[in-house]
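Structure file structure.pdb; described as PDB, C-alpha atoms.
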```pdb
ATOM      1  CA  MET V  28       4.171   2.287 -20.957
ATOM      2  CA  GLU V  29       3.004  -0.910 -22.531
ATOM      3  CA  GLN V  30       2.851  -2.942 -19.321
ATOM      4  CA  PHE V  31       0.430  -0.454 -17.725
ATOM      5  CA  GLU V  32      -1.965  -0.427 -20.660
ATOM      6  CA  ILE V  33      -5.510  -1.562 -20.097
ATOM      7  CA  ARG V  34      -6.812  -3.670 -22.947
ATOM      8  CA  LYS V  35     -10.393  -4.688 -23.488
ATOM      9  CA  ILE V  36     -10.960  -8.402 -23.695
ATOM     10  CA  TRP V  37     -14.725  -8.378 -23.838
ATOM     11  CA  ASP V  38     -16.700  -5.252 -24.755
ATOM     12  CA  LEU V  39     -19.553  -4.568 -22.385
ATOM     13  CA  ASN V  40     -21.880  -1.617 -22.153
ATOM     14  CA  PHE V  41     -24.261  -0.905 -19.335
ATOM     15  CA  LEU V  42     -26.636   2.065 -19.693
ATOM     16  CA  GLY V  43     -24.056   3.994 -21.653
ATOM     17  CA  HIS V  44     -21.242   3.241 -19.200
ATOM     18  CA  ASP V  45     -18.217   1.342 -20.400
ATOM     19  CA  ILE V  46     -17.903  -1.690 -18.126
ATOM     20  CA  SER V  47     -15.806  -3.830 -20.456
ATOM     21  CA  PHE V  48     -14.019  -6.887 -19.175
ATOM     22  CA  THR V  49     -10.348  -5.853 -19.333
ATOM     23  CA  ASN V  50      -7.015  -7.462 -18.560
ATOM     24  CA  SER V  51      -7.234  -5.711 -15.185
ATOM     25  CA  SER V  52     -10.493  -7.490 -14.364
ATOM     26  CA  LEU V  53      -8.997 -10.724 -15.635
ATOM     27  CA  MET V  54      -6.038 -10.425 -13.239
ATOM     28  CA  MET V  55      -8.362  -9.672 -10.338
ATOM     29  CA  ILE V  56     -10.372 -12.796 -11.094
ATOM     30  CA  VAL V  57      -7.154 -14.827 -11.397
ATOM     31  CA  ALA V  58      -6.066 -13.471  -7.999
ATOM     32  CA  LEU V  59      -9.430 -14.346  -6.466
ATOM     33  CA  LEU V  60      -9.273 -17.872  -7.866
ATOM     34  CA  LEU V  61      -5.693 -18.280  -6.626
ATOM     35  CA  ILE V  62      -6.587 -17.093  -3.121
ATOM     36  CA  SER V  63      -9.729 -19.198  -2.819
ATOM     37  CA  GLY V  64      -8.038 -22.205  -4.361
ATOM     38  CA  PHE V  65      -5.043 -21.914  -2.054
ATOM     39  CA  MET V  66      -7.105 -21.386   1.092
ATOM     40  CA  ILE V  67      -9.611 -24.143   0.336
ATOM     41  CA  TYR V  68      -6.945 -26.614  -0.729
ATOM     42  CA  ALA V  69      -4.646 -25.792   2.202
ATOM     43  CA  MET V  70      -7.338 -26.083   4.840
ATOM     44  CA  ASN V  71      -8.909 -29.158   3.267
ATOM     45  CA  GLY V  72      -7.208 -31.636   5.591
ATOM     46  CA  ARG V  73      -7.807 -29.647   8.798
ATOM     47  CA  SER V  74      -5.354 -31.901  10.565
ATOM     48  CA  LEU V  75      -4.231 -31.073  14.099
ATOM     49  CA  VAL V  76      -0.620 -31.425  13.050
ATOM     50  CA  PRO V  77      -0.628 -29.247   9.931
ATOM     51  CA  THR V  78       0.883 -30.310   6.671
ATOM     52  CA  ARG V  79       3.322 -27.929   5.018
ATOM     53  CA  ILE V  80       0.752 -26.136   2.892
ATOM     54  CA  GLN V  81      -1.715 -25.987   5.759
ATOM     55  CA  SER V  82       0.824 -24.368   8.042
ATOM     56  CA  LEU V  83       1.536 -21.814   5.305
ATOM     57  CA  ALA V  84      -2.118 -20.793   5.328
ATOM     58  CA  GLU V  85      -2.117 -20.789   9.139
ATOM     59  CA  ILE V  86       0.958 -18.539   9.305
ATOM     60  CA  VAL V  87      -0.735 -15.924   7.127
ATOM     61  CA  TYR V  88      -3.931 -16.206   9.146
ATOM     62  CA  GLU V  89      -2.247 -15.935  12.511
ATOM     63  CA  TYR V  90      -0.031 -13.054  11.435
ATOM     64  CA  ILE V  91      -2.984 -10.908  10.420
ATOM     65  CA  ALA V  92      -5.021 -12.094  13.400
ATOM     66  CA  GLY V  93      -2.195 -11.002  15.700
ATOM     67  CA  MET V  94      -1.994  -7.639  14.001
ATOM     68  CA  VAL V  95      -5.743  -7.039  14.294
ATOM     69  CA  LYS V  96      -5.716  -8.103  17.954
ATOM     70  CA  GLU V  97      -2.761  -5.851  18.711
ATOM     71  CA  ASN V  98      -4.323  -2.784  17.069
ATOM     72  CA  LEU V  99      -8.043  -3.239  17.573
ATOM     73  CA  GLY V 100      -8.196  -5.355  20.693
ATOM     74  CA  GLU V 101     -10.180  -8.505  21.285
ATOM     75  CA  GLU V 102     -13.533  -7.021  20.239
ATOM     76  CA  GLY V 103     -12.016  -5.788  16.997
ATOM     77  CA  MET V 104     -11.721  -9.384  15.810
ATOM     78  CA  LYS V 105     -15.108  -9.011  14.113
ATOM     79  CA  TYR V 106     -13.335  -6.865  11.509
ATOM     80  CA  PHE V 107     -10.739  -9.572  10.962
ATOM     81  CA  PRO V 108     -12.261 -11.242   7.846
ATOM     82  CA  TRP V 109     -12.391  -7.876   6.097
ATOM     83  CA  VAL V 110      -8.830  -6.914   7.017
ATOM     84  CA  PHE V 111      -7.571 -10.364   6.039
ATOM     85  CA  SER V 112      -9.293 -10.137   2.654
ATOM     86  CA  ILE V 113      -7.722  -6.728   1.987
ATOM     87  CA  PHE V 114      -4.269  -8.003   2.907
ATOM     88  CA  ILE V 115      -4.279 -11.172   0.890
ATOM     89  CA  PHE V 116      -5.981  -9.565  -2.123
ATOM     90  CA  ILE V 117      -3.364  -6.812  -2.354
ATOM     91  CA  LEU V 118      -0.503  -9.197  -1.621
ATOM     92  CA  VAL V 119      -1.503 -11.632  -4.354
ATOM     93  CA  LEU V 120      -2.142  -8.838  -6.871
ATOM     94  CA  ASN V 121       1.278  -7.322  -6.123
ATOM     95  CA  VAL V 122       3.125 -10.613  -6.342
ATOM     96  CA  ILE V 123       1.507 -12.013  -9.494
ATOM     97  CA  GLY V 124       2.080  -8.620 -11.110
ATOM     98  CA  LEU V 125       5.810  -9.211 -10.731
ATOM     99  CA  ILE V 126       5.744 -12.193 -13.069
ATOM    100  CA  PRO V 127       6.986 -10.868 -16.437
ATOM    101  CA  GLY V 128       4.176 -10.333 -18.919
ATOM    102  CA  ASN V 129       1.533 -10.095 -16.239
ATOM    103  CA  PHE V 130      -0.524  -7.007 -15.607
ATOM    104  CA  THR V 131      -0.181  -5.336 -12.198
ATOM    105  CA  VAL V 132      -3.632  -4.265 -11.080
ATOM    106  CA  THR V 133      -2.332  -2.258  -8.103
ATOM    107  CA  SER V 134      -0.217  -0.045 -10.383
ATOM    108  CA  HIS V 135      -3.404   1.815 -11.324
ATOM    109  CA  ILE V 136      -4.440   4.535  -8.929
ATOM    110  CA  ILE V 137      -8.124   4.014  -9.522
ATOM    111  CA  VAL V 138      -7.932   0.485  -8.094
ATOM    112  CA  THR V 139      -5.932   1.471  -5.019
ATOM    113  CA  PHE V 140      -8.075   4.568  -4.537
ATOM    114  CA  ALA V 141     -11.230   2.470  -4.613
ATOM    115  CA  LEU V 142      -9.747   0.209  -1.931
ATOM    116  CA  ALA V 143      -8.570   3.147   0.180
ATOM    117  CA  ALA V 144     -11.891   4.948  -0.194
ATOM    118  CA  MET V 145     -13.682   1.800   0.924
ATOM    119  CA  VAL V 146     -11.469   1.646   4.031
ATOM    120  CA  TRP V 147     -11.949   5.338   4.760
ATOM    121  CA  LEU V 148     -15.721   5.273   4.290
ATOM    122  CA  THR V 149     -15.997   2.140   6.428
ATOM    123  CA  ALA V 150     -13.907   3.684   9.212
ATOM    124  CA  THR V 151     -15.945   6.906   9.113
ATOM    125  CA  PHE V 152     -19.183   4.958   9.106
ATOM    126  CA  ILE V 153     -18.080   2.812  12.063
ATOM    127  CA  GLY V 154     -17.039   5.938  13.947
ATOM    128  CA  PHE V 155     -20.373   7.702  13.506
ATOM    129  CA  TRP V 156     -22.279   4.504  14.150
ATOM    130  CA  LYS V 157     -20.474   3.760  17.423
ATOM    131  CA  HIS V 158     -20.021   7.263  18.836
ATOM    132  CA  GLY V 159     -22.662   9.331  17.052
ATOM    133  CA  PHE V 160     -21.680  12.960  16.732
ATOM    134  CA  GLY V 161     -19.145  12.381  19.497
ATOM    135  CA  TYR V 162     -16.943  11.061  16.700
ATOM    136  CA  LEU V 163     -16.270  14.674  15.758
ATOM    137  CA  LYS V 164     -14.197  14.901  18.966
ATOM    138  CA  LEU V 165     -11.536  13.090  16.937
ATOM    139  CA  PHE V 166     -10.719  16.476  15.434
ATOM    140  CA  VAL V 167     -10.359  18.126  18.841
ATOM    141  CA  PRO V 168      -7.380  16.475  20.545
ATOM    142  CA  SER V 169      -7.453  16.575  24.341
ATOM    143  CA  GLY V 170      -4.821  18.480  26.310
ATOM    144  CA  VAL V 171      -4.350  21.181  23.709
ATOM    145  CA  PRO V 172      -4.708  24.797  24.950
ATOM    146  CA  LEU V 173      -7.776  26.590  23.685
ATOM    147  CA  TRP V 174      -5.943  29.286  21.767
ATOM    148  CA  LEU V 175      -4.291  26.608  19.609
ATOM    149  CA  MET V 176      -7.658  25.147  18.572
ATOM    150  CA  PRO V 177      -8.171  27.299  15.437
ATOM    151  CA  VAL V 178      -4.887  25.910  14.137
ATOM    152  CA  ILE V 179      -5.135  22.331  15.333
ATOM    153  CA  VAL V 180      -8.685  21.579  14.220
ATOM    154  CA  PRO V 181      -8.163  22.468  10.525
ATOM    155  CA  ILE V 182      -4.924  20.495  10.519
ATOM    156  CA  GLU V 183      -6.678  17.466  11.991
ATOM    157  CA  LEU V 184      -9.508  17.843   9.496
ATOM    158  CA  ILE V 185      -7.130  18.048   6.536
ATOM    159  CA  SER V 186      -5.097  15.095   7.749
ATOM    160  CA  TYR V 187      -8.305  13.094   8.128
ATOM    161  CA  PHE V 188      -9.561  13.921   4.662
ATOM    162  CA  ILE V 189      -6.189  13.316   3.008
ATOM    163  CA  ARG V 190      -6.050   9.787   4.434
ATOM    164  CA  PRO V 191      -7.603   7.979   1.449
ATOM    165  CA  VAL V 192      -5.305   9.926  -0.887
ATOM    166  CA  SER V 193      -2.078   9.082   0.929
ATOM    167  CA  HIS V 194      -3.301   5.537   1.566
ATOM    168  CA  SER V 195      -3.905   4.875  -2.124
ATOM    169  CA  VAL V 196      -1.015   6.886  -3.551
ATOM    170  CA  ARG V 197       1.496   4.985  -1.418
ATOM    171  CA  LEU V 198       0.568   1.600  -2.836
ATOM    172  CA  PHE V 199       0.093   2.857  -6.393
ATOM    173  CA  ALA V 200       3.334   4.874  -6.534
ATOM    174  CA  ASN V 201       5.407   2.071  -5.050
ATOM    175  CA  MET V 202       4.164  -0.505  -7.506
ATOM    176  CA  MET V 203       4.361   1.812 -10.497
ATOM    177  CA  ALA V 204       7.804   3.185  -9.626
ATOM    178  CA  GLY V 205       9.179  -0.336  -9.062
ATOM    179  CA  HIS V 206       7.907  -1.624 -12.376
ATOM    180  CA  THR V 207       9.132   1.468 -14.209
ATOM    181  CA  MET V 208      12.585   1.045 -12.664
ATOM    182  CA  LEU V 209      12.728  -2.586 -13.780
ATOM    183  CA  LYS V 210      11.701  -1.502 -17.268
ATOM    184  CA  VAL V 211      14.445   1.151 -17.400
ATOM    185  CA  PHE V 212      17.104  -1.354 -16.405
ATOM    186  CA  ALA V 213      15.759  -3.866 -18.906
ATOM    187  CA  GLY V 214      16.127  -1.125 -21.512
ATOM    188  CA  PHE V 215      19.801  -0.714 -20.568
ATOM    189  CA  ALA V 216      20.338  -4.451 -20.921
ATOM    190  CA  VAL V 217      18.800  -4.390 -24.402
ATOM    191  CA  MET V 218      20.756  -1.343 -25.609
ATOM    192  CA  LEU V 219      24.220  -2.381 -24.470
ATOM    193  CA  PRO V 220      26.474  -4.713 -26.469
ATOM    194  CA  TRP V 221      26.846  -8.273 -25.265
ATOM    195  CA  TRP V 222      29.752  -7.595 -22.855
ATOM    196  CA  GLY V 223      27.764  -4.853 -21.086
ATOM    197  CA  LYS V 224      24.562  -6.775 -20.560
ATOM    198  CA  ILE V 225      25.689  -8.598 -17.452
ATOM    199  CA  ALA V 226      25.657  -5.587 -15.091
ATOM    200  CA  PRO V 227      22.086  -4.370 -15.764
ATOM    201  CA  ALA V 228      20.903  -7.973 -15.859
ATOM    202  CA  GLY V 229      22.407  -8.521 -12.418
ATOM    203  CA  PHE V 230      20.706  -5.346 -11.182
ATOM    204  CA  MET V 231      17.438  -6.669 -12.580
ATOM    205  CA  VAL V 232      17.752  -9.858 -10.544
ATOM    206  CA  ALA V 233      18.580  -7.917  -7.374
ATOM    207  CA  PHE V 234      15.797  -5.385  -7.930
ATOM    208  CA  THR V 235      13.262  -8.123  -8.609
ATOM    209  CA  GLY V 236      14.121  -9.502  -5.180
ATOM    210  CA  LEU V 237      13.711  -6.024  -3.728
ATOM    211  CA  GLU V 238      10.388  -5.628  -5.527
ATOM    212  CA  LEU V 239       9.185  -8.873  -3.978
ATOM    213  CA  LEU V 240       9.971  -7.386  -0.570
ATOM    214  CA  VAL V 241       8.221  -4.133  -1.518
ATOM    215  CA  ALA V 242       5.175  -6.046  -2.769
ATOM    216  CA  PHE V 243       4.863  -7.766   0.603
ATOM    217  CA  LEU V 244       5.699  -4.651   2.633
ATOM    218  CA  GLN V 245       3.192  -2.440   0.845
ATOM    219  CA  ALA V 246       0.416  -4.983   1.321
ATOM    220  CA  LEU V 247       1.372  -5.127   5.009
ATOM    221  CA  ILE V 248       1.487  -1.342   5.382
ATOM    222  CA  PHE V 249      -1.873  -0.967   3.683
ATOM    223  CA  THR V 250      -3.291  -3.462   6.170
ATOM    224  CA  VAL V 251      -1.616  -1.900   9.222
ATOM    225  CA  LEU V 252      -2.962   1.518   8.264
ATOM    226  CA  THR V 253      -6.402   0.017   7.715
ATOM    227  CA  CYS V 254      -6.237  -1.349  11.259
ATOM    228  CA  ILE V 255      -5.148   2.027  12.610
ATOM    229  CA  TYR V 256      -7.875   3.964  10.831
ATOM    230  CA  VAL V 257     -10.528   1.524  12.017
ATOM    231  CA  ASN V 258      -9.011   1.651  15.514
ATOM    232  CA  ASP V 259      -9.356   5.454  15.504
ATOM    233  CA  ALA V 260     -13.028   4.979  14.763
ATOM    234  CA  VAL V 261     -13.662   2.114  17.183
ATOM    235  CA  ASN V 262     -11.699   3.170  20.254
ATOM    236  CA  MET V 263     -11.140   6.902  19.759
ATOM    237  CA  HIS V 264      -8.471   7.494  22.350
ATOM    238  CA  HIS V 265      -7.394  10.763  20.903
TER     239      HIS V 265
ATOM    240  CA  MET Y  10       8.258  23.316 -27.474
ATOM    241  CA  GLU Y  11       9.299  25.496 -24.527
ATOM    242  CA  LEU Y  12       6.207  24.373 -22.645
ATOM    243  CA  ALA Y  13       7.268  20.740 -23.035
ATOM    244  CA  ALA Y  14      10.762  21.574 -21.786
ATOM    245  CA  ALA Y  15       9.334  23.493 -18.822
ATOM    246  CA  LYS Y  16       7.122  20.533 -18.008
ATOM    247  CA  MET Y  17      10.116  18.210 -17.972
ATOM    248  CA  ILE Y  18      12.069  20.576 -15.703
ATOM    249  CA  GLY Y  19       9.082  20.964 -13.399
ATOM    250  CA  ALA Y  20       8.594  17.219 -13.139
ATOM    251  CA  GLY Y  21      12.267  16.787 -12.305
ATOM    252  CA  LEU Y  22      12.047  19.462  -9.625
ATOM    253  CA  ALA Y  23       8.919  17.886  -8.154
ATOM    254  CA  CYS Y  24      10.831  14.642  -7.717
ATOM    255  CA  SER Y  25      13.173  16.401  -5.278
ATOM    256  CA  ALA Y  26      10.465  15.784  -2.649
ATOM    257  CA  LEU Y  27      11.865  12.261  -2.591
ATOM    258  CA  ILE Y  28      15.062  13.605  -0.969
ATOM    259  CA  GLY Y  29      13.073  14.244   2.177
ATOM    260  CA  ALA Y  30      11.430  10.842   1.976
ATOM    261  CA  GLY Y  31      14.837   9.195   1.678
ATOM    262  CA  VAL Y  32      16.224  11.072   4.682
ATOM    263  CA  GLY Y  33      13.098  10.312   6.710
ATOM    264  CA  ILE Y  34      13.016   6.608   5.917
ATOM    265  CA  GLY Y  35      16.724   6.275   6.616
ATOM    266  CA  ASN Y  36      16.245   8.038   9.922
ATOM    267  CA  ILE Y  37      13.393   5.798  10.968
ATOM    268  CA  PHE Y  38      15.071   2.518  10.101
ATOM    269  CA  GLY Y  39      18.423   3.649  11.488
ATOM    270  CA  ASN Y  40      16.918   4.668  14.799
ATOM    271  CA  TYR Y  41      14.852   1.505  14.958
ATOM    272  CA  LEU Y  42      17.949  -0.589  14.359
ATOM    273  CA  SER Y  43      20.034   1.223  16.966
ATOM    274  CA  GLY Y  44      17.187   0.893  19.446
ATOM    275  CA  ALA Y  45      16.766  -2.771  18.604
ATOM    276  CA  MET Y  46      20.490  -3.356  19.124
ATOM    277  CA  ARG Y  47      20.279  -1.899  22.628
ATOM    278  CA  ASN Y  48      17.170  -3.782  23.622
ATOM    279  CA  PRO Y  49      16.498  -6.662  21.223
ATOM    280  CA  SER Y  50      13.651  -8.061  23.322
ATOM    281  CA  ALA Y  51      11.567  -4.899  22.869
ATOM    282  CA  ALA Y  52      12.146  -4.710  19.111
ATOM    283  CA  PRO Y  53       9.341  -6.948  17.782
ATOM    284  CA  GLY Y  54       6.726  -4.995  19.731
ATOM    285  CA  GLN Y  55       7.680  -1.819  17.912
ATOM    286  CA  PHE Y  56       7.551  -3.315  14.430
ATOM    287  CA  THR Y  57       4.074  -1.933  13.757
ATOM    288  CA  ASN Y  58       5.163   1.540  14.845
ATOM    289  CA  LEU Y  59       8.167   1.203  12.552
ATOM    290  CA  LEU Y  60       5.928   0.451   9.610
ATOM    291  CA  ILE Y  61       3.617   3.364  10.449
ATOM    292  CA  GLY Y  62       6.536   5.761  10.625
ATOM    293  CA  PHE Y  63       7.930   4.388   7.393
ATOM    294  CA  ALA Y  64       4.570   4.762   5.669
ATOM    295  CA  LEU Y  65       4.043   8.311   6.884
ATOM    296  CA  ALA Y  66       7.553   9.399   5.902
ATOM    297  CA  GLU Y  67       7.213   7.815   2.493
ATOM    298  CA  ALA Y  68       3.811   9.343   1.796
ATOM    299  CA  THR Y  69       5.146  12.904   1.752
ATOM    300  CA  GLY Y  70       7.780  12.016  -0.811
ATOM    301  CA  LEU Y  71       5.298  10.124  -2.928
ATOM    302  CA  PHE Y  72       3.066  13.181  -3.093
ATOM    303  CA  GLY Y  73       5.948  14.898  -4.876
ATOM    304  CA  LEU Y  74       6.299  11.968  -7.245
ATOM    305  CA  LEU Y  75       2.569  12.117  -7.908
ATOM    306  CA  ILE Y  76       2.849  15.800  -8.795
ATOM    307  CA  ALA Y  77       5.655  14.919 -11.209
ATOM    308  CA  LEU Y  78       3.479  12.270 -12.853
ATOM    309  CA  ILE Y  79       0.547  14.677 -13.109
ATOM    310  CA  ILE Y  80       2.786  17.294 -14.736
ATOM    311  CA  LEU Y  81       4.157  14.763 -17.217
ATOM    312  CA  TYR Y  82       1.023  12.830 -18.147
ATOM    313  CA  GLY Y  83      -1.901  14.757 -16.660
TER     314      GLY Y  83
END
```

If you took the structure in this file and wrote it as structure tokens, what would it be?
Amino acid sequence: MEQFEIRKIWDLNFLGHDISFTNSSLMMIVALLLISGFMIYAMNGRSLVPTRIQSLAEIVYEYIAGMVKENLGEEGMKYFPWVFSIFIFILVLNVIGLIPGNFTVTSHIIVTFALAAMVWLTATFIGFWKHGFGYLKLFVPSGVPLWLMPVIVPIELISYFIRPVSHSVRLFANMMAGHTMLKVFAGFAVMLPWWGKIAPAGFMVAFTGLELLVAFLQALIFTVLTCIYVNDAVNMHH
Amino acid sequence: MELAAAKMIGAGLACSALIGAGVGIGNIFGNYLSGAMRNPSAAPGQFTNLLIGFALAEATGLFGLLIALIILYG
């Protein structure tokens, strides 16, 4: 579909690899500028009694901080900047993708898979770094009878290795399916005669609202799961 | 031509995985709501668990959707 097409804006070649600057990269840079601009502008005053825009930034901050504290505990707060960056990056990409004519970066599986793989590799690295080879005990749940082990351990292994896949597919499929659905209903509105346009157009408005909710929810779920995966690695109460 | 038709049918069948996702998500939110109605003060503490359950239930259905997309465009 046209809205998912990646177009080259600036042809670049690095050692035979195609690293062109595309509309996807452009949207990522726009998102970065928006986030930095918003955060820097909002926290510029640093007043004790926050202004409206400052309290908006503080709400986002405290929400994620609360989530990290709840899942990772007090010592997990050192992962907070990373988790916060993931959340706000995905949220802004999802939301600006909803503006008609804009490109949705998160509707491409390679982007979400790169993010999910980063989370997975980081969690695995933290686990081995903190617990050494004891991290492998994650695949051997306690309190399971010995004769069940040959079944449980492969299942745990598979579910561990499928994590980046499910993590990335969830975000990608939600964004892509939502945009495709909007496109289908827009097609109905175009095809019908003038007296029939009102119903699909009304659906479009309602679904755009729903998509806004989904955009927020998927960013939140991605972040919650990031917290949980890192928590598995940090605390390991399995 | 028959291959293209078979692909379409296969993709449609693969989408039936979303039935299970729909049932699962409905179950999770319904049970959360009925629990929250009984004990509203405990509801916010379980919001994270709600989202985890939602995400896990949805993932299985989305795997089916992914298979459909791979069949169609892969």

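Of the residues listed (V:Asp259, V:Glu102, V:Glu97, V:Glu183), V:Glu97 shows the shortest atom-to-atom separation from chain Y; distances use all atoms listed in the file.
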
Practice task
Name the residues in contact with Ile123 in chain V at a cut-off of 10 Å, using all atoms listed in the file, excluding same-chain residues fewer than 4 positions from it; report them as an MDAnalysis selection string.
Solution key: chainID V and resid 54 57:58 61 118:119 127:132 239 242

Grab the residues selected above and save them as a compact mmCIF listing (two decimals), in the coordinates of the input with C-alpha atoms.
```txt
# COMPACT_ATOMS: atom_id res chain seq x y z
CA MET V 54 -6.04 -10.42 -13.24
CA VAL V 57 -7.15 -14.83 -11.40
CA ALA V 58 -6.07 -13.47 -8.00
CA LEU V 61 -5.69 -18.28 -6.63
CA LEU V 118 -0.50 -9.20 -1.62
CA VAL V 119 -1.50 -11.63 -4.35
CA PRO V 127 6.99 -10.87 -16.44
CA GLY V 128 4.18 -10.33 -18.92
CA ASN V 129 1.53 -10.10 -16.24
CA PHE V 130 -0.52 -7.01 -15.61
CA THR V 131 -0.18 -5.34 -12.20
CA VAL V 132 -3.63 -4.26 -11.08
CA LEU V 239 9.18 -8.87 -3.98
CA ALA V 242 5.18 -6.05 -2.77
```

Practice task
Write out as JSON, numbers by chain each polymer residue whose atoms come within 12 Å of Gly236 in chain V, counting all atoms listed in the file; drop sequence neighbours fewer than 4 positions from it.
Solution key: {"V": [122, 125, 126, 205, 209, 229, 230, 231, 232, 240, 241, 242, 243]}

Exercise for the section: For chain V, work out the contacting residues on chain Y at 7 Å, counting only C-alpha atoms, and write them as a list of chain:residue names. Expected result: Y:Leu60, Y:Ala64, Y:Ala68, Y:Leu71

Practice task
Write out as a count of residues only each polymer residue whose atoms come within 10 Å of Ala23 in chain Y, counting all atoms listed in the file; drop sequence neighbours fewer than 5 positions from it.
Solution key: 11

Handout entry: Among listed residues V:Tyr90, V:Phe188, V:Phe65, V:Phe31, nearest Asn50 in chain V (using all atoms listed in the file)
Key = V:Phe31

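For the atom pair formed by CA of Ala141 in chain V and CA of Trp109 in chain V, the distance is 14.9 Å, given to one decimal.
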
Practice task
List the residues selected by the PyMOL selection byres ((chain V and resi 68) around 12) in the file shown, writing them as a list in words.
Solution key: Leu60, Leu61, Ile62, Ser63, Gly64, Phe65, Met66, Ile67, Ala69, Met70, Asn71, Gly72, Arg73, Thr78, Arg79, Ile80, Gln81, Ser82, Leu83 and Ala84 of chain V

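Evaluated against the shown file, the PyMOL selection byres ((chain V and resi 213) around 12) gives Pro127, His206, Thr207, Met208, Leu209, Lys210, Val211, Phe212, Gly214, Phe215, Ala216, Val217, Met218, Leu219, Lys224, Ile225, Ala226, Pro227, Ala228, Gly229, Phe230, Met231, Val232, Phe234 and Thr235 of chain V.
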
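Evaluated against the shown file, the PyMOL selection byres ((chain Y and resi 66) around 12) gives Ser193 and Arg197 of chain V; Ala26, Leu27, Ile28, Gly29, Ala30, Gly31, Val32, Gly33, Ile34, Gly35, Asn36, Ile37, Phe38, Leu59, Leu60, Ile61, Gly62, Phe63, Ala64, Leu65, Glu67, Ala68, Thr69, Gly70, Leu71 and Phe72 of chain Y.
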
Completion exercise
Taken to one decimal, the CA of Asp38 in chain V-CA of Leu53 in chain V distance is 13.1 Å

Exercise for the section: Determine, counting only C-alpha atoms, which protein, DNA and RNA residues have an atom within 12 Å of an atom of Pro191 in chain V; residues of the same chain fewer than 4 positions away are not included. Present the result as a PyMOL selection string. Expected result: (chain V and resi 136-137+139-151+185-187+195-198+249+252-253+256) or (chain Y and resi 68)

Exercise for the section: Name the residues in contact with Val95 in chain V at a cut-off of 7 Å, using only C-alpha atoms, excluding same-chain residues fewer than 6 positions from it; report them as an NGL selection string. Expected result: :V and (103-104 or 107 or 254)

Put a box with edges along x, y and z around all the listed atoms of range 57-76 of chain Y, pad it by 5 Å on each side, then give me its centre and sizes in Å, one decimal, as JSON.
```
{"center_x": 5.4, "center_y": 6.9, "center_z": 3.0, "size_x": 15.6, "size_y": 27.7, "size_z": 33.6}
```

Completion exercise
Judged by all atoms listed in the file, the minimum distance to Phe166 in chain V among V:Leu237, V:His135, V:Ile33, V:Met263 is found for V:Met263

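Note that CA of Phe114 in chain V and CA of Trp156 in chain V are 24.6 Å apart.
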